[in-house]
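Engineer: Provided below: coords-v7.cif, containing mmCIF, C-alpha atoms.
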```
data_input
#
loop_
_atom_site.label_atom_id
_atom_site.label_comp_id
_atom_site.auth_asym_id
_atom_site.auth_seq_id
_atom_site.Cartn_x
_atom_site.Cartn_y
_atom_site.Cartn_z
CA MET E 1 -19.38 -64.47 7.71
CA ALA E 2 -16.66 -65.98 9.85
CA SER E 3 -16.81 -69.69 10.33
CA MET E 4 -18.22 -71.22 13.48
CA ARG E 5 -14.83 -72.40 14.59
CA ASP E 6 -13.31 -68.93 14.30
CA ILE E 7 -16.06 -67.38 16.32
CA LYS E 8 -15.78 -70.03 18.97
CA ARG E 9 -12.02 -69.55 19.25
CA ARG E 10 -12.42 -65.82 19.56
CA LYS E 11 -15.01 -66.26 22.26
CA THR E 12 -12.86 -68.54 24.41
CA SER E 13 -9.95 -66.14 24.07
CA ILE E 14 -12.06 -63.24 25.27
CA GLN E 15 -13.46 -65.34 28.07
CA SER E 16 -10.03 -66.13 29.42
CA THR E 17 -9.04 -62.47 29.18
CA GLN E 18 -12.16 -61.61 31.10
CA GLN E 19 -11.20 -64.07 33.80
CA ILE E 20 -7.88 -62.32 34.17
CA THR E 21 -9.37 -58.84 34.31
CA LYS E 22 -11.96 -60.03 36.80
CA ALA E 23 -9.29 -61.47 39.06
CA MET E 24 -7.20 -58.31 38.77
CA LYS E 25 -10.19 -56.23 39.68
CA LEU E 26 -10.80 -58.30 42.79
CA VAL E 27 -7.17 -58.07 43.82
CA SER E 28 -7.01 -54.32 43.38
CA THR E 29 -10.28 -53.89 45.25
CA VAL E 30 -8.78 -55.62 48.25
CA LYS E 31 -5.56 -53.65 47.93
CA LEU E 32 -7.50 -50.44 47.59
CA GLN E 33 -9.36 -51.12 50.82
CA ARG E 34 -6.10 -51.65 52.62
CA ALA E 35 -4.46 -48.58 51.13
CA LYS E 36 -7.51 -46.52 51.92
CA THR E 37 -7.57 -47.38 55.61
CA ARG E 38 -3.87 -46.67 55.74
CA ALA E 39 -4.32 -43.30 54.10
CA GLU E 40 -7.10 -42.42 56.50
CA ARG E 41 -5.09 -43.43 59.54
CA SER E 42 -2.16 -41.28 58.59
CA LYS E 43 -4.26 -38.30 57.59
CA ALA E 44 -4.32 -36.96 61.16
CA TYR E 45 -0.57 -36.64 61.14
CA PHE E 46 -0.41 -34.66 57.93
CA ASN E 47 -3.20 -32.32 58.82
CA CYS E 48 -1.50 -31.58 62.10
CA MET E 49 1.86 -31.20 60.43
CA TYR E 50 0.45 -28.89 57.80
CA GLU E 51 -1.30 -26.69 60.32
CA THR E 52 1.76 -26.46 62.51
CA ILE E 53 4.08 -25.54 59.67
CA THR E 54 1.84 -22.99 58.02
CA GLY E 55 1.03 -21.51 61.40
CA MET E 56 4.69 -21.33 62.19
CA ILE E 57 5.60 -19.62 58.95
CA ARG E 58 2.78 -17.13 59.27
CA ARG E 59 3.58 -16.26 62.86
CA THR E 60 7.27 -15.91 62.40
CA GLY E 61 6.81 -13.80 59.29
CA HIS E 62 9.58 -13.72 56.77
CA ILE E 63 12.70 -15.17 58.19
CA ASP E 64 15.69 -15.34 56.00
CA HIS E 65 16.21 -19.05 55.86
CA PRO E 66 17.62 -21.04 52.94
CA TYR E 67 14.59 -23.33 53.00
CA LEU E 68 12.29 -20.37 52.53
CA THR E 69 14.14 -18.52 49.80
CA SER E 70 14.56 -19.71 46.29
CA GLY E 71 17.88 -21.38 45.59
CA SER E 72 20.30 -19.91 43.12
CA SER E 73 20.36 -22.97 40.92
CA GLU E 74 18.17 -23.16 37.83
CA LYS E 75 17.73 -26.89 38.30
CA LYS E 76 14.46 -28.13 39.66
CA ALA E 77 14.04 -31.50 41.27
CA VAL E 78 10.74 -33.21 40.58
CA VAL E 79 9.70 -36.22 42.58
CA VAL E 80 7.46 -38.20 40.25
CA ILE E 81 5.31 -40.86 41.86
CA THR E 82 3.83 -43.43 39.48
CA SER E 83 3.39 -47.18 39.67
CA ASN E 84 5.62 -50.11 38.88
CA ARG E 85 2.87 -51.96 37.07
CA GLY E 86 0.67 -50.97 34.19
CA LEU E 87 -2.94 -51.79 33.39
CA ALA E 88 -4.19 -48.97 35.52
CA GLY E 89 -5.99 -46.91 32.92
CA GLY E 90 -4.70 -43.38 32.60
CA TYR E 91 -3.03 -43.40 36.00
CA ASN E 92 0.59 -43.25 34.86
CA SER E 93 0.12 -41.24 31.69
CA ASN E 94 -1.80 -38.57 33.57
CA ILE E 95 1.17 -37.97 35.83
CA VAL E 96 3.57 -37.90 32.90
CA LYS E 97 1.31 -35.46 31.09
CA LEU E 98 1.20 -33.31 34.17
CA VAL E 99 4.98 -33.09 34.31
CA THR E 100 5.54 -32.58 30.57
CA GLY E 101 2.70 -30.11 30.31
CA SER E 102 3.81 -27.98 33.25
CA GLU E 103 5.85 -24.82 32.97
CA LEU E 104 8.93 -26.69 34.15
CA LYS E 105 11.50 -26.73 31.37
CA LYS E 106 12.81 -30.09 30.30
CA GLU E 107 16.46 -29.06 30.53
CA ASP E 108 16.07 -27.82 34.09
CA VAL E 109 14.28 -30.81 35.47
CA GLU E 110 15.98 -33.54 37.44
CA VAL E 111 13.61 -36.41 38.01
CA TYR E 112 13.59 -38.35 41.23
CA ALA E 113 11.49 -41.25 40.06
CA ILE E 114 9.36 -43.42 42.28
CA GLY E 115 7.68 -46.00 40.06
CA LYS E 116 9.06 -47.66 36.95
CA LYS E 117 6.33 -46.59 34.53
CA GLY E 118 6.82 -42.89 34.98
CA ARG E 119 10.58 -43.27 35.00
CA ASP E 120 10.66 -45.11 31.69
CA VAL E 121 8.36 -42.74 29.86
CA LEU E 122 10.13 -39.62 31.13
CA LYS E 123 13.47 -41.12 30.23
CA ARG E 124 12.25 -41.77 26.71
CA ARG E 125 11.08 -38.19 26.44
CA GLY E 126 14.59 -37.02 27.26
CA TYR E 127 14.26 -36.05 30.91
CA ASN E 128 17.23 -36.44 33.15
CA ILE E 129 16.61 -39.16 35.73
CA LYS E 130 18.65 -38.30 38.78
CA ALA E 131 17.59 -41.06 41.11
CA ASP E 132 15.28 -44.01 41.13
CA TYR E 133 13.39 -45.27 44.16
CA SER E 134 10.98 -47.53 42.32
CA GLU E 135 11.07 -50.27 44.94
CA VAL E 136 9.51 -47.93 47.45
CA ILE E 137 6.07 -47.78 45.87
CA ASN E 138 5.42 -51.48 46.48
CA GLU E 139 5.31 -50.96 50.20
CA PRO E 140 5.92 -47.35 51.24
CA LEU E 141 7.48 -46.88 54.65
CA TYR E 142 8.04 -43.62 56.45
CA LYS E 143 11.72 -44.44 56.49
CA ASP E 144 11.79 -44.41 52.69
CA ALA E 145 10.27 -40.95 52.64
CA MET E 146 12.94 -39.78 55.06
CA GLU E 147 15.67 -41.23 52.86
CA ILE E 148 14.37 -39.45 49.79
CA THR E 149 14.04 -36.23 51.74
CA ASP E 150 17.62 -36.49 52.93
CA ALA E 151 18.85 -36.91 49.37
CA LEU E 152 16.76 -33.97 48.18
CA LEU E 153 17.77 -31.66 50.96
CA GLU E 154 21.41 -32.51 50.53
CA ALA E 155 21.23 -31.57 46.87
CA PHE E 156 19.31 -28.46 47.83
CA SER E 157 21.85 -27.27 50.35
CA ASN E 158 24.71 -28.10 47.98
CA LYS E 159 23.00 -25.73 45.54
CA GLU E 160 22.62 -28.46 42.95
CA ILE E 161 18.92 -27.79 42.79
CA GLY E 162 16.98 -24.63 43.44
CA GLU E 163 13.45 -25.94 43.79
CA ILE E 164 11.79 -29.17 44.76
CA TRP E 165 8.48 -30.24 43.24
CA LEU E 166 6.29 -33.25 43.85
CA ALA E 167 4.03 -34.89 41.27
CA TYR E 168 1.61 -37.50 42.52
CA THR E 169 -1.96 -38.65 42.23
CA GLY E 170 -4.12 -37.40 45.04
CA PHE E 171 -6.76 -39.74 46.36
CA LYS E 172 -10.06 -37.94 46.79
CA ASN E 173 -12.33 -40.96 46.87
CA THR E 174 -12.57 -44.35 45.24
CA VAL E 175 -13.53 -43.03 41.83
CA SER E 176 -11.83 -39.67 41.68
CA HIS E 177 -8.08 -39.31 41.67
CA ILE E 178 -6.44 -36.00 40.98
CA PRO E 179 -2.97 -35.72 39.46
CA THR E 180 -1.28 -33.05 41.53
CA LEU E 181 1.92 -31.06 41.14
CA ILE E 182 3.02 -29.10 44.18
CA LYS E 183 6.09 -27.18 45.17
CA LEU E 184 7.81 -28.47 48.30
CA LEU E 185 10.76 -26.15 48.59
CA PRO E 186 11.19 -23.27 49.01
CA VAL E 187 8.10 -23.22 51.19
CA ASP E 188 5.76 -20.72 49.66
CA ALA E 189 4.21 -18.89 52.58
CA SER E 190 1.82 -16.79 50.51
CA ALA E 191 0.37 -19.77 48.66
CA ASP E 192 -0.21 -21.53 51.92
CA GLU E 193 -2.09 -18.58 53.22
CA ALA E 194 -4.39 -18.52 50.22
CA GLU E 195 -5.07 -22.19 50.66
CA ALA E 196 -5.77 -21.78 54.31
CA ASP E 197 -8.44 -19.16 53.67
CA GLY E 198 -11.13 -21.47 54.91
CA GLN E 199 -9.51 -21.85 58.26
CA GLN E 200 -9.15 -18.16 58.87
CA ALA E 201 -11.46 -18.05 61.84
CA GLU E 202 -9.48 -20.76 63.54
CA ASP E 203 -6.21 -19.11 62.61
CA ALA E 204 -7.27 -15.85 64.14
CA VAL E 205 -7.52 -17.63 67.45
CA SER E 206 -4.29 -19.53 67.20
CA SER E 207 -2.25 -16.59 65.95
CA LYS E 208 -3.12 -14.69 69.09
CA THR E 209 -1.22 -17.10 71.24
CA LEU E 210 2.39 -16.21 70.95
CA MET E 211 4.41 -19.29 70.20
CA ASN E 212 7.80 -19.82 71.74
CA TYR E 213 10.43 -21.89 70.06
CA GLU E 214 13.04 -23.97 71.64
CA PRO E 215 15.60 -23.99 70.04
CA GLU E 216 14.98 -20.63 68.46
CA GLU E 217 12.93 -20.21 65.30
CA THR E 218 15.47 -20.53 62.54
CA GLU E 219 17.07 -23.51 64.15
CA ALA E 220 13.74 -25.14 64.86
CA MET E 221 12.77 -24.47 61.26
CA GLU E 222 15.93 -26.20 60.14
CA MET E 223 14.92 -29.32 62.02
CA ILE E 224 11.19 -29.29 61.43
CA ILE E 225 11.13 -28.57 57.70
CA PRO E 226 12.83 -31.84 56.75
CA LYS E 227 10.18 -33.63 58.79
CA TYR E 228 7.54 -31.62 56.97
CA ILE E 229 8.90 -32.57 53.56
CA ALA E 230 9.24 -36.21 54.58
CA SER E 231 5.68 -36.30 55.81
CA LEU E 232 4.42 -34.73 52.59
CA ILE E 233 6.29 -37.26 50.50
CA TYR E 234 5.07 -40.10 52.67
CA GLY E 235 1.52 -38.83 52.43
CA ALA E 236 1.85 -38.57 48.67
CA LEU E 237 3.20 -42.12 48.48
CA ILE E 238 0.32 -43.52 50.45
CA GLU E 239 -2.27 -41.60 48.48
CA ALA E 240 -0.62 -42.63 45.23
CA VAL E 241 -0.84 -46.30 46.20
CA ALA E 242 -4.53 -45.91 46.97
CA SER E 243 -5.08 -44.04 43.69
CA GLU E 244 -3.17 -46.63 41.71
CA ASN E 245 -5.33 -49.43 42.99
CA GLY E 246 -8.45 -47.36 42.53
CA ALA E 247 -7.48 -46.58 38.94
CA ARG E 248 -6.68 -50.20 38.24
CA MET E 249 -9.93 -51.32 39.75
CA GLN E 250 -11.85 -48.98 37.49
CA ALA E 251 -9.86 -49.93 34.40
CA MET E 252 -10.34 -53.62 35.07
CA ASP E 253 -13.99 -53.15 35.82
CA SER E 254 -14.62 -51.53 32.45
CA ALA E 255 -12.44 -54.13 30.74
CA THR E 256 -14.52 -56.87 32.29
CA SER E 257 -17.80 -55.32 31.20
CA ASN E 258 -16.41 -54.69 27.71
CA ALA E 259 -15.48 -58.33 27.51
CA GLU E 260 -18.96 -59.24 28.65
CA GLU E 261 -20.42 -57.17 25.82
CA MET E 262 -18.13 -58.71 23.23
CA ILE E 263 -18.94 -62.20 24.41
CA GLY E 264 -22.62 -61.39 24.02
CA THR E 265 -22.16 -60.22 20.43
CA LEU E 266 -20.04 -63.21 19.58
CA GLU E 267 -22.55 -65.56 21.11
CA LEU E 268 -25.20 -64.10 18.84
CA GLN E 269 -22.95 -64.40 15.81
CA TYR E 270 -22.11 -67.95 16.72
CA ASN E 271 -25.75 -68.95 17.04
CA ARG E 272 -26.55 -67.35 13.73
CA ALA E 273 -23.67 -69.14 12.08
CA ARG E 274 -24.80 -72.41 13.63
CA GLN E 275 -28.32 -71.90 12.40
CA GLY E 276 -27.06 -70.98 8.95
CA HIS E 277 -24.95 -74.10 8.96
CA ILE E 278 -27.89 -76.34 9.83
CA THR E 279 -30.11 -74.73 7.23
CA GLN E 280 -27.44 -75.18 4.66
CA GLU E 281 -27.01 -78.82 5.52
CA LEU E 282 -30.73 -79.40 5.36
CA THR E 283 -31.03 -77.79 1.95
CA GLU E 284 -28.15 -79.93 0.80
CA ILE E 285 -29.77 -83.14 2.04
CA ILE E 286 -33.14 -82.25 0.57
CA GLY E 287 -31.47 -81.26 -2.67
CA GLY E 288 -29.61 -84.58 -2.70
CA ALA E 289 -32.79 -86.59 -1.95
CA GLU E 290 -34.66 -84.79 -4.65
CA ALA E 291 -31.94 -85.47 -7.16
CA LEU E 292 -32.07 -89.17 -6.29
CA SER E 293 -35.84 -89.55 -6.49
CA SER E 294 -36.29 -87.68 -9.72
CA MET R 1 -12.78 -38.79 86.48
CA ALA R 2 -12.49 -35.15 85.59
CA ASP R 3 -9.32 -33.81 87.00
CA ASP R 4 -8.96 -30.07 86.69
CA ARG R 5 -5.22 -30.47 86.33
CA ALA R 6 -5.72 -32.54 83.20
CA PHE R 7 -5.06 -31.39 79.67
CA SER R 8 -5.55 -33.20 76.42
CA LEU R 9 -2.59 -35.03 74.99
CA LYS R 10 -2.32 -36.35 71.47
CA ILE R 11 0.57 -38.32 70.09
CA ILE R 12 0.39 -38.88 66.36
CA THR R 13 2.72 -40.87 64.14
CA PRO R 14 2.57 -41.13 60.36
CA ASP R 15 0.94 -44.56 60.64
CA ARG R 16 -1.44 -44.25 63.54
CA VAL R 17 -2.70 -42.22 66.44
CA PHE R 18 -0.35 -43.47 69.11
CA TYR R 19 -2.06 -41.97 72.12
CA GLU R 20 -5.05 -39.78 72.73
CA GLY R 21 -6.33 -38.90 76.15
CA ASN R 22 -6.00 -36.71 79.19
CA ALA R 23 -2.85 -36.34 81.21
CA ILE R 24 -1.84 -34.26 84.15
CA MET R 25 1.83 -34.25 83.29
CA VAL R 26 4.01 -35.23 80.35
CA GLU R 27 7.75 -35.54 80.61
CA LEU R 28 9.87 -35.69 77.52
CA ARG R 29 13.29 -34.87 76.22
CA THR R 30 13.85 -32.07 73.74
CA THR R 31 17.05 -31.02 72.03
CA GLU R 32 17.42 -28.38 74.74
CA GLY R 33 16.97 -30.78 77.64
CA GLU R 34 14.29 -32.63 79.55
CA ILE R 35 11.01 -30.86 80.19
CA GLY R 36 7.92 -31.66 82.19
CA VAL R 37 4.70 -30.12 80.97
CA LEU R 38 1.76 -29.32 83.23
CA LYS R 39 -1.47 -27.60 82.35
CA ASN R 40 -1.23 -23.92 81.39
CA HIS R 41 2.27 -24.20 80.08
CA ILE R 42 3.36 -21.33 77.88
CA PRO R 43 2.91 -22.06 74.17
CA LEU R 44 6.04 -23.80 73.00
CA THR R 45 7.19 -25.68 69.97
CA SER R 46 10.21 -27.83 70.45
CA VAL R 47 12.18 -30.49 68.67
CA ILE R 48 12.39 -33.89 70.29
CA ALA R 49 15.61 -35.72 71.13
CA PRO R 50 15.64 -39.47 71.75
CA GLY R 51 14.51 -40.15 75.29
CA ILE R 52 11.81 -41.52 77.52
CA LEU R 53 8.31 -40.17 77.39
CA ARG R 54 6.31 -40.33 80.62
CA ILE R 55 2.61 -39.73 80.57
CA ARG R 56 1.11 -39.21 84.03
CA GLU R 57 -2.56 -39.94 83.59
CA SER R 58 -3.41 -39.69 87.29
CA ASP R 59 -1.43 -39.65 90.50
CA SER R 60 -0.98 -43.38 90.45
CA GLU R 61 -0.86 -44.15 86.77
CA VAL R 62 2.18 -43.46 84.66
CA LYS R 63 2.75 -44.71 81.14
CA THR R 64 6.16 -44.77 79.56
CA ALA R 65 7.26 -45.01 75.98
CA ALA R 66 10.43 -44.53 73.98
CA LEU R 67 10.12 -41.31 72.00
CA ILE R 68 12.80 -41.16 69.36
CA SER R 69 12.14 -38.26 67.05
CA GLY R 70 9.59 -35.70 66.05
CA PHE R 71 8.46 -32.42 67.53
CA VAL R 72 6.03 -31.22 70.12
CA GLU R 73 3.56 -28.38 70.08
CA ILE R 74 2.46 -27.23 73.50
CA LEU R 75 -0.56 -24.97 73.91
CA GLN R 76 -2.22 -23.92 77.16
CA ASP R 77 -4.68 -26.75 77.40
CA SER R 78 -3.39 -29.23 74.88
CA VAL R 79 -0.18 -30.92 73.87
CA THR R 80 0.37 -32.44 70.46
CA ILE R 81 3.37 -34.60 69.76
CA LEU R 82 4.06 -35.24 66.11
CA ALA R 83 6.31 -38.22 66.48
CA GLU R 84 8.14 -39.89 63.66
CA VAL R 85 9.18 -42.78 65.86
CA VAL R 86 7.62 -43.69 69.19
CA GLU R 87 7.23 -47.10 70.79
CA TRP R 88 5.53 -48.62 73.82
CA PRO R 89 7.84 -50.70 76.01
CA ASP R 90 6.32 -53.98 74.83
CA GLU R 91 6.97 -53.07 71.22
CA ILE R 92 10.66 -52.62 71.74
CA ASP R 93 13.08 -55.27 70.66
CA VAL R 94 15.54 -55.11 73.54
CA ASN R 95 18.11 -57.39 71.94
CA ARG R 96 18.23 -55.26 68.86
CA ALA R 97 18.51 -52.06 70.88
CA GLU R 98 21.30 -53.60 72.96
CA GLU R 99 23.13 -54.57 69.79
CA ALA R 100 22.73 -51.08 68.40
CA ARG R 101 24.08 -49.62 71.64
CA VAL R 102 27.20 -51.79 71.53
CA ARG R 103 27.73 -50.95 67.89
CA ALA R 104 27.36 -47.23 68.44
CA GLU R 105 29.67 -47.30 71.47
CA ARG R 106 32.28 -49.17 69.52
CA ARG R 107 32.10 -46.71 66.69
CA LEU R 108 32.44 -43.79 69.09
CA ALA R 109 35.40 -45.43 70.80
CA GLU R 110 37.21 -46.00 67.53
CA LYS R 111 36.99 -42.36 66.61
CA ALA R 112 37.91 -43.23 63.07
CA SER R 113 37.90 -40.25 60.81
CA ASN R 114 35.52 -41.81 58.35
CA THR R 115 32.73 -42.45 60.83
CA ASN R 116 30.15 -39.83 61.27
CA MET R 117 30.42 -38.96 64.98
CA LYS R 118 27.15 -37.15 65.18
CA ARG R 119 25.34 -40.05 63.67
CA ALA R 120 26.93 -42.54 66.01
CA GLU R 121 26.03 -40.38 68.98
CA LEU R 122 22.45 -40.18 67.83
CA ALA R 123 22.35 -43.93 67.35
CA LEU R 124 23.63 -44.38 70.88
CA GLU R 125 21.01 -42.02 72.27
CA ARG R 126 18.30 -43.86 70.42
CA SER R 127 19.33 -47.27 71.64
CA VAL R 128 19.74 -46.11 75.24
CA ALA R 129 16.29 -44.52 75.20
CA ARG R 130 14.80 -47.76 73.93
CA ILE R 131 16.57 -49.89 76.51
CA GLU R 132 15.58 -47.59 79.37
CA ALA R 133 11.97 -47.50 78.26
CA ALA R 134 11.81 -51.26 77.92
CA LYS R 135 13.13 -51.74 81.47
CA LYS R 136 10.31 -49.82 83.07
#
```
Any chance you could put this one into structure tokens?
Structural biologist:
Amino acid sequence: MASMRDIKRRKTSIQSTQQITKAMKLVSTVKLQRAKTRAERSKAYFNCMYETITGMIRRTGHIDHPYLTSGSSEKKAVVVITSNRGLAGGYNSNIVKLVTGSELKKEDVEVYAIGKKGRDVLKRRGYNIKADYSEVINEPLYKDAMEITDALLEAFSNKEIGEIWLAYTGFKNTVSHIPTLIKLLPVDASADEAEADGQQAEDAVSSKTLMNYEPEETEAMEMIIPKYIASLIYGALIEAVASENGARMQAMDSATSNAEEMIGTLELQYNRARQGHITQELTEIIGGAEALSS
Amino acid sequence: MADDRAFSLKIITPDRVFYEGNAIMVELRTTEGEIGVLKNHIPLTSVIAPGILRIRESDSEVKTAALISGFVEILQDSVTILAEVVEWPDEIDVNRAEEARVRAERRLAEKASNTNMKRAELALERSVARIEAAKK
């Protein structure tokens, strides 16, 4: 059995770790609340944006626009949103797994990394990191999303990349976060339609009204699609921040309760050791007294 | 006050719902020129150019804002503006806008080959829209 001193040292060490995890949990809870309200506030914009774009594509049918047809290049850009800091449970590794486990071939992928953790792991696995916007995830602004979009679209129109994908962690609620991989460009009209199945009744109404475009469709598309991509990236950023804090909160919560459990066991061990120690001392004293008196 | 000329107007930015209410007329600037929208307008989707947005809530009440970019979806009885950048007059930093205007004008005047003319023009439009809106 370990000595009393060892057990005591172990216990203090775990206690101070627990203090840290507890504090981290509190911090991420607060951050999560903030990120959550932010995500909710901006949701209206994305829903509207999504409806407008899908409606537009469906109504206009198949226009021959570079943004809607697959590029000639084999290269695929993947925007990977992870966090800059660890200790968030499986948050970062889930995203990495999603990218490595997808059908995207390693040689074809150009990573646009947002978040140091994902960037480092993907780099180690031999992925080509094209750009790094890790600062953005600390405080995502719409302007950042626009910047990233500009870089992506420039590469797309220069035919450096043929497809644009986005990997991020969707925020469903506080405890459930879903790693998601979606295709941004070319816009897949058929997939959108399948997704929008639930809204069919509403669509039937809106598709009756004939929409006019000013400037005309292709040109309007040219201007609106970048905004669409930017809003998707921004939405993903905001959701990812909320998910990150949610994941960290959960991880720290279980770490704290694990520490609690360990402290309990150690406490028991310590008390037993103490008792054993006293008993031993007593027997020694009695033994000594007996030896003297006899 | 239910006005039968009123239609619902929604202005949404990525960070907040900027405006939600009823209006009898909205004036804004699109890439094709200025338009004023009344109720029962034909359905129209248009891209916004930097300019002043005027929301006429009733005959006496007009609200202005600087609408910088985004696009607008007009349906018969509702108008939705998906704005990337839109500001109320009291949110505008006039000094900064003035500075931006001077800078853009200077760049346009130089006509150096390495400056992006289109970008400078846009910057000028943006700053002018902000200044105008702030004056109101």
Engineer: Taking 2 positions as the minimum chain separation for residues in the same chain, which residues sit within 7 Å of segment 71-74 of chain R when counting all atoms listed in the file? Answer as a VMD selection string.
Structural biologist: chain R and resid 43 to 48 69 76 78 to 83
Engineer: Figure out the distance between atom CA of Glu57 of chain R and atom CA of Leu28 of chain R, please, to one decimal in Å.
Structural biologist: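 Pair atom CA of Leu28 of chain R / atom CA of Glu57 of chain R returns 14.5 Å.
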Engineer: Given the file above and the PyMOL selection byres ((chain E and resi 138) around 12), which residues are selected, and can you give them as a list in words?
Structural biologist: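 So the PyMOL selection byres ((chain E and resi 138) around 12) ends up selecting Lys31, Ala35, Ile81, Thr82, Ser83, Asn84, Arg85, Ile114, Gly115, Lys116, Tyr133, Ser134, Glu135, Val136, Ile137, Glu139, Pro140, Leu141, Asp144, Leu237, Ile238, Ala240, Val241, Ala242, Glu244 and Asn245 of chain E.
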Engineer: Show me, as CSV, the residues of chain E having an atom within 7 Å of chain R, each with the closest atom pair and its distance in Å, using all atoms listed in the file.
Structural biologist:
```
residue,atom,partner,partner_atom,distance
E:Arg41,CA,R:Arg16,CA,5.5
E:Ser42,CA,R:Asp15,CA,5.0
E:Tyr45,CA,R:Pro14,CA,5.5
E:Leu210,CA,R:Pro43,CA,6.7
E:Met211,CA,R:Pro43,CA,5.1
E:Asn212,CA,R:Leu44,CA,4.5
E:Tyr213,CA,R:Thr45,CA,5.0
E:Glu214,CA,R:Ser46,CA,4.9
E:Pro215,CA,R:Ser46,CA,6.6
E:Ala220,CA,R:Val47,CA,6.8
```
Engineer: Translate the PyMOL selection byres ((chain E and resi 75-80) around 8) into a concrete residue list for this structure, as a ChimeraX atom specification.
Structural biologist: /E:73-74,81-82,95,104,108-115,118-119,152,160-168
Engineer: Give as a list in words the residues that the PyMOL selection byres ((chain R and resi 87-91) around 10) matches when applied to the coordinates above.
Structural biologist: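 Checking the PyMOL selection byres ((chain R and resi 87-91) around 10) against this file, the residues are Phe18, Ile52, Leu53, Lys63, Thr64, Ala65, Ala66, Leu67, Ile68, Ala83, Val85, Val86, Ile92, Asp93, Val94, Arg130, Ile131, Glu132, Ala133, Ala134, Lys135 and Lys136 of chain R.
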Engineer: Tell me, as a list in words, which residues lie within 9 Å of Met49 of chain E, counting all atoms listed in the file; anything in the same chain fewer than 6 positions away does not count.
Structural biologist: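 Non-adjacent residues within range: Lys227, Tyr228, Ser231 and Leu232 of chain E; Leu82 of chain R.
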Engineer: Determine the nearest neighbour of Glu98 of chain R from the options R:Arg29, R:Arg126, R:Lys111, R:Lys118, counting all atoms listed in the file.
Structural biologist: R:Arg126
Engineer: For Phe156 of chain E, which of E:Glu217, E:Tyr67, E:Ile225, E:Ser176 is the closest residue, counting only C-alpha atoms?
Structural biologist: E:Tyr67
